[in-house]
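Shown next: target_32.cif, containing mmCIF, C-alpha atoms, pLDDT in the B column; chains and numbers go by the auth columns.
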```cif
data_protein
#
loop_
_atom_site.group_PDB
_atom_site.id
_atom_site.type_symbol
_atom_site.label_atom_id
_atom_site.label_comp_id
_atom_site.label_asym_id
_atom_site.label_seq_id
_atom_site.Cartn_x
_atom_site.Cartn_y
_atom_site.Cartn_z
_atom_site.B_iso_or_equiv
_atom_site.auth_seq_id
_atom_site.auth_asym_id
ATOM 1 C CA MET A 1 91.846 75.094 64.318 61.00 21 B
ATOM 2 C CA SER A 2 88.635 76.543 63.013 67.00 22 B
ATOM 3 C CA PRO A 3 88.451 77.668 59.388 73.00 23 B
ATOM 4 C CA VAL A 4 88.681 81.357 58.445 86.00 24 B
ATOM 5 C CA VAL A 5 85.259 82.284 57.059 89.00 25 B
ATOM 6 C CA GLY A 6 84.129 85.533 55.454 90.00 26 B
ATOM 7 C CA VAL A 7 80.979 86.960 53.912 92.00 27 B
ATOM 8 C CA GLY A 8 80.980 89.495 51.103 94.00 28 B
ATOM 9 C CA ALA A 9 79.292 90.815 47.980 94.00 29 B
ATOM 10 C CA VAL A 10 80.985 90.338 44.623 95.00 30 B
ATOM 11 C CA LEU A 11 81.850 93.736 43.087 95.00 31 B
ATOM 12 C CA GLN A 12 84.127 92.709 40.240 95.00 32 B
ATOM 13 C CA LYS A 13 85.474 89.604 38.478 95.00 33 B
ATOM 14 C CA THR A 14 88.796 89.656 36.624 95.00 34 B
ATOM 15 C CA VAL A 15 90.693 87.136 34.511 95.00 35 B
ATOM 16 C CA VAL A 16 94.456 87.772 34.621 95.00 36 B
ATOM 17 C CA GLY A 17 97.169 86.304 32.399 93.00 37 B
ATOM 18 C CA LEU A 18 100.600 85.803 33.971 92.00 38 B
ATOM 19 C CA ASP A 19 103.673 85.846 31.761 86.00 39 B
ATOM 20 C CA ASP A 20 107.088 85.724 33.460 82.00 40 B
ATOM 21 C CA SER A 21 106.912 88.606 35.939 79.00 41 B
ATOM 22 C CA GLU A 22 104.133 90.500 34.163 89.00 42 B
ATOM 23 C CA SER A 23 100.412 90.230 34.849 91.00 43 B
ATOM 24 C CA VAL A 24 97.896 91.350 32.227 91.00 44 B
ATOM 25 C CA ILE A 25 94.179 91.872 32.782 92.00 45 B
ATOM 26 C CA ILE A 26 92.394 89.918 30.043 92.00 46 B
ATOM 27 C CA PHE A 27 88.700 90.262 30.929 92.00 47 B
ATOM 28 C CA GLN A 28 86.935 92.255 33.624 92.00 48 B
ATOM 29 C CA SER A 29 83.313 92.191 34.734 91.00 49 B
ATOM 30 C CA SER A 30 81.470 94.625 37.022 90.00 50 B
ATOM 31 C CA SER A 31 77.977 96.078 37.381 87.00 51 B
ATOM 32 C CA GLU A 32 78.654 97.972 34.115 87.00 52 B
ATOM 33 C CA GLY A 33 79.141 94.723 32.186 85.00 53 B
ATOM 34 C CA ILE A 34 82.053 92.749 30.743 86.00 54 B
ATOM 35 C CA SER A 35 85.044 94.458 29.180 86.00 55 B
ATOM 36 C CA VAL A 36 87.823 92.922 27.119 86.00 56 B
ATOM 37 C CA GLU A 37 91.076 94.464 28.379 87.00 57 B
ATOM 38 C CA ASP A 38 93.411 92.447 26.133 86.00 58 B
ATOM 39 C CA PRO A 39 92.290 93.003 22.499 85.00 59 B
ATOM 40 C CA SER A 40 94.127 89.870 21.309 84.00 60 B
ATOM 41 C CA CYS A 41 91.718 87.781 23.439 83.00 61 B
ATOM 42 C CA GLY A 42 88.492 89.508 22.344 78.00 62 B
ATOM 43 C CA GLN A 43 87.343 86.741 20.000 82.00 63 B
ATOM 44 C CA ILE A 44 87.770 84.023 22.640 83.00 64 B
ATOM 45 C CA LEU A 45 84.940 85.136 24.926 77.00 65 B
ATOM 46 C CA PRO A 46 81.447 83.968 23.876 68.00 66 B
ATOM 47 C CA ASP A 47 79.188 86.873 22.813 65.00 67 B
ATOM 48 C CA ASP A 48 76.272 85.820 24.994 61.00 68 B
ATOM 49 C CA SER A 49 78.240 86.119 28.253 63.00 69 B
ATOM 50 C CA GLU A 50 76.321 88.153 30.839 69.00 70 B
ATOM 51 C CA ASN A 51 78.126 86.742 33.844 79.00 71 B
ATOM 52 C CA LEU A 52 81.824 86.426 33.071 88.00 72 B
ATOM 53 C CA GLN A 53 82.437 82.667 32.952 88.00 73 B
ATOM 54 C CA ILE A 54 85.452 80.839 31.605 90.00 74 B
ATOM 55 C CA ASN A 55 84.933 77.255 30.455 89.00 75 B
ATOM 56 C CA GLU A 56 87.726 74.717 29.870 91.00 76 B
ATOM 57 C CA SER A 57 87.888 75.487 26.156 90.00 77 B
ATOM 58 C CA VAL A 58 88.311 79.250 26.709 90.00 78 B
ATOM 59 C CA GLU A 59 90.890 78.597 29.439 92.00 79 B
ATOM 60 C CA ALA A 60 92.858 76.315 27.080 93.00 80 B
ATOM 61 C CA LYS A 61 92.930 79.067 24.428 92.00 81 B
ATOM 62 C CA LEU A 62 94.049 81.645 27.005 92.00 82 B
ATOM 63 C CA LYS A 63 96.854 79.325 28.129 92.00 83 B
ATOM 64 C CA THR A 64 98.255 79.374 24.592 91.00 84 B
ATOM 65 C CA MET A 65 98.868 83.112 25.123 90.00 85 B
ATOM 66 C CA TYR A 66 99.724 83.163 28.828 92.00 86 B
ATOM 67 C CA PRO A 67 101.504 80.370 30.733 92.00 87 B
ATOM 68 C CA GLU A 68 99.289 80.890 33.782 93.00 88 B
ATOM 69 C CA ILE A 69 95.736 82.197 34.243 95.00 89 B
ATOM 70 C CA GLU A 70 94.447 83.622 37.533 95.00 90 B
ATOM 71 C CA TYR A 71 90.860 84.269 38.531 96.00 91 B
ATOM 72 C CA VAL A 72 90.360 87.233 40.852 96.00 92 B
ATOM 73 C CA ILE A 73 87.261 88.630 42.534 96.00 93 B
ATOM 74 C CA LEU A 74 86.793 91.892 44.392 95.00 94 B
ATOM 75 C CA MET A 75 84.506 91.556 47.420 94.00 95 B
ATOM 76 C CA ARG A 76 82.887 94.114 49.713 93.00 96 B
ATOM 77 C CA LEU A 77 83.077 92.399 53.086 91.00 97 B
ATOM 78 C CA CYS A 78 79.849 92.490 55.067 85.00 98 B
ATOM 79 C CA GLU A 79 81.281 92.445 58.589 82.00 99 B
ATOM 80 C CA GLU A 80 84.313 94.724 58.182 81.00 100 B
ATOM 81 C CA ASP A 81 82.946 97.148 55.545 81.00 101 B
ATOM 82 C CA GLU A 82 86.101 96.965 53.475 90.00 102 B
ATOM 83 C CA ILE A 83 86.912 95.836 49.953 93.00 103 B
ATOM 84 C CA ARG A 84 89.285 92.924 49.473 93.00 104 B
ATOM 85 C CA GLU A 85 90.704 91.099 46.451 94.00 105 B
ATOM 86 C CA TYR A 86 90.837 87.289 46.378 94.00 106 B
ATOM 87 C CA ARG A 87 92.234 84.677 44.028 95.00 107 B
ATOM 88 C CA ILE A 88 89.726 81.891 43.404 95.00 108 B
ATOM 89 C CA SER A 89 89.380 78.647 41.427 95.00 109 B
ATOM 90 C CA ARG A 90 87.873 78.823 37.938 95.00 110 B
ATOM 91 C CA GLU A 91 84.923 76.701 39.074 95.00 111 B
ATOM 92 C CA ASP A 92 84.027 79.037 41.965 94.00 112 B
ATOM 93 C CA PHE A 93 84.736 82.105 39.790 94.00 113 B
ATOM 94 C CA ASN A 94 82.111 80.827 37.347 93.00 114 B
ATOM 95 C CA ARG A 95 79.564 80.224 40.132 92.00 115 B
ATOM 96 C CA LEU A 96 79.680 83.811 41.394 93.00 116 B
ATOM 97 C CA ASP A 97 77.715 86.628 39.761 91.00 117 B
ATOM 98 C CA ILE A 98 78.262 90.343 40.296 92.00 118 B
ATOM 99 C CA GLY A 99 76.215 91.484 43.317 92.00 119 B
ATOM 100 C CA VAL A 100 75.874 88.010 44.833 93.00 120 B
ATOM 101 C CA VAL A 101 76.566 87.715 48.559 94.00 121 B
ATOM 102 C CA ALA A 102 78.645 84.637 49.324 95.00 122 B
ATOM 103 C CA LYS A 103 79.977 82.951 52.435 94.00 123 B
ATOM 104 C CA TYR A 104 83.448 81.559 51.792 93.00 124 B
ATOM 105 C CA GLU A 105 86.462 79.965 53.449 90.00 125 B
ATOM 106 C CA VAL A 106 90.014 81.217 52.953 90.00 126 B
ATOM 107 C CA TYR A 107 93.271 79.390 53.600 83.00 127 B
ATOM 108 C CA ARG A 108 94.900 80.249 56.937 77.00 128 B
ATOM 109 C CA SER A 109 98.295 80.569 55.245 77.00 129 B
ATOM 110 C CA GLU A 110 96.990 82.484 52.206 78.00 130 B
ATOM 111 C CA ARG A 111 94.275 84.886 53.305 80.00 131 B
ATOM 112 C CA ASP A 112 94.010 86.299 49.764 87.00 132 B
ATOM 113 C CA THR A 113 92.902 82.947 48.283 89.00 133 B
ATOM 114 C CA ILE A 114 89.380 81.529 48.616 91.00 134 B
ATOM 115 C CA LYS A 115 89.519 77.823 49.410 91.00 135 B
ATOM 116 C CA LYS A 116 85.821 77.203 48.734 91.00 136 B
ATOM 117 C CA ILE A 117 82.410 78.860 48.518 92.00 137 B
ATOM 118 C CA LEU A 118 80.286 77.675 51.441 90.00 138 B
ATOM 119 C CA GLU A 119 76.944 79.209 50.443 90.00 139 B
ATOM 120 C CA MET A 120 75.419 81.899 48.259 85.00 140 B
#
```
As structure tokens, please, write out the structure in this file.
Amino acid sequence: MSPVVGVGAVLQKTVVGLDDSESVIIFQSSSEGISVEDPSCGQILPDDSENLQINESVEAKLKTMYPEIEYVILMRLCEEDEIREYRISREDFNRLDIGVVAKYEVYRSERDTIKKILEM
């Protein structure tokens, strides 16, 4: 079976904290800049962040407040002219900037999760 590949432009990056059945937006980044959505996490993010990136140290601090952290990007697909939300690894989340066009592979069983970034 051939992989499922897509191409899209990054519109938004979001860091989400999961606690039991509740999900809380912690940080969000778009063309307007980075916003802190959870005030209790405001001091964790480095001040010089232009592209929202979460290093291991920041992730460890977030995990003291939320049992699970998810990284989500919003993409405008090039071929289908639609907007789609994807879960993504922290490493690939950090690689992508707002406005960047990326070619990526998604899991066949989980079309809302990016398996890997193929090229940017």
Enumerate, as a compact mmCIF listing (two decimals) with C-alpha atoms, in the coordinates of the input, the residues matched when the PyMOL selection byres ((chain B and resi 138) around 9) is run on the file above.
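Heads up, here's the output in selection.txt:
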```txt
# COMPACT_ATOMS: atom_id res chain seq x y z
CA VAL B 25 85.26 82.28 57.06
CA ALA B 122 78.64 84.64 49.32
CA LYS B 123 79.98 82.95 52.44
CA TYR B 124 83.45 81.56 51.79
CA GLU B 125 86.46 79.96 53.45
CA LYS B 136 85.82 77.20 48.73
CA ILE B 137 82.41 78.86 48.52
CA GLU B 139 76.94 79.21 50.44
CA MET B 140 75.42 81.90 48.26
```
Residue nearest Leu31 of chain B among B:Gly119, B:Cys98, B:Ser60, B:Asp112 (counting all atoms listed in the file):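 With all atoms listed in the file as the atom set, the closest residue is B:Gly119.
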Applied to the shown file, which residues does the PyMOL selection byres ((chain B and resi 87) around 10) return, written as an mmCIF file with C-alpha atoms, in the coordinates of the input?
```
data_model
loop_
_atom_site.group_PDB
_atom_site.id
_atom_site.type_symbol
_atom_site.label_atom_id
_atom_site.label_comp_id
_atom_site.auth_asym_id
_atom_site.auth_seq_id
_atom_site.Cartn_x
_atom_site.Cartn_y
_atom_site.Cartn_z
ATOM 1 C CA GLY B 37 97.169 86.304 32.399
ATOM 2 C CA LEU B 38 100.600 85.803 33.971
ATOM 3 C CA ASP B 39 103.673 85.846 31.761
ATOM 4 C CA ASP B 40 107.088 85.724 33.460
ATOM 5 C CA LEU B 82 94.049 81.645 27.005
ATOM 6 C CA LYS B 83 96.854 79.325 28.129
ATOM 7 C CA THR B 84 98.255 79.374 24.592
ATOM 8 C CA MET B 85 98.868 83.112 25.123
ATOM 9 C CA TYR B 86 99.724 83.163 28.828
ATOM 10 C CA GLU B 88 99.289 80.890 33.782
ATOM 11 C CA ILE B 89 95.736 82.197 34.243
#
```
Target residues per the PyMOL selection byres ((chain B and resi 93) around 9), formatted as a count of residues only: 16
Selection near Asn114 of chain B, 8 Å with all atoms listed in the file, sequence-local residues under 4 positions removed, as a PyMOL selection string: chain B and resi 71-74+110
Atom CA of Gln63 of chain B to atom CA of Ser50 of chain B, distance in Å rounded to a single decimal: 19.7 Å
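Between atom CA of Asn75 of chain B and atom CA of Thr133 of chain B the interatomic distance comes to 20.3 Å.
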One-decimal distance in Å that lies between atom CA of Val44 of chain B and atom CA of Ile134 of chain B: 20.9 Å
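With distances restricted to only C-alpha atoms, B:Val36 is the closest residue to Glu57 of chain B from B:Ser41, B:Val121, B:Val36, B:Glu79.
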Counting only C-alpha atoms, the option among B:Glu102, B:Val126, B:Ile46, B:Glu90 closest to Gly62 of chain B: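 Selected residue with least distance to Gly62 of chain B: B:Ile46.
Distance check against Ile64 of chain B using only C-alpha atoms: of B:Leu97, B:Ile45, B:Ala29, B:Val78, the minimum falls on B:Val78.
Distance check against Lys135 of chain B using only C-alpha atoms: of B:Ser55, B:Gly26, B:Asp101, B:Ser109, the minimum falls on B:Ser109.
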Local residues around (91.1, 80.9, 60.4), at most 9 Å away, using all atoms listed in the file, as a VMD selection string: chain B and resid 21 to 25 125 to 129 131
Keeping only C-alpha atoms, write the selected residues to a file as an mmCIF file, in the coordinates of the input.
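Result saved to selection-v1.cif:
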```cif
data_model
loop_
_atom_site.group_PDB
_atom_site.id
_atom_site.type_symbol
_atom_site.label_atom_id
_atom_site.label_comp_id
_atom_site.auth_asym_id
_atom_site.auth_seq_id
_atom_site.Cartn_x
_atom_site.Cartn_y
_atom_site.Cartn_z
ATOM 1 C CA MET B 21 91.846 75.094 64.318
ATOM 2 C CA SER B 22 88.635 76.543 63.013
ATOM 3 C CA PRO B 23 88.451 77.668 59.388
ATOM 4 C CA VAL B 24 88.681 81.357 58.445
ATOM 5 C CA VAL B 25 85.259 82.284 57.059
ATOM 6 C CA GLU B 125 86.462 79.965 53.449
ATOM 7 C CA VAL B 126 90.014 81.217 52.953
ATOM 8 C CA TYR B 127 93.271 79.390 53.600
ATOM 9 C CA ARG B 128 94.900 80.249 56.937
ATOM 10 C CA SER B 129 98.295 80.569 55.245
ATOM 11 C CA ARG B 131 94.275 84.886 53.305
#
```
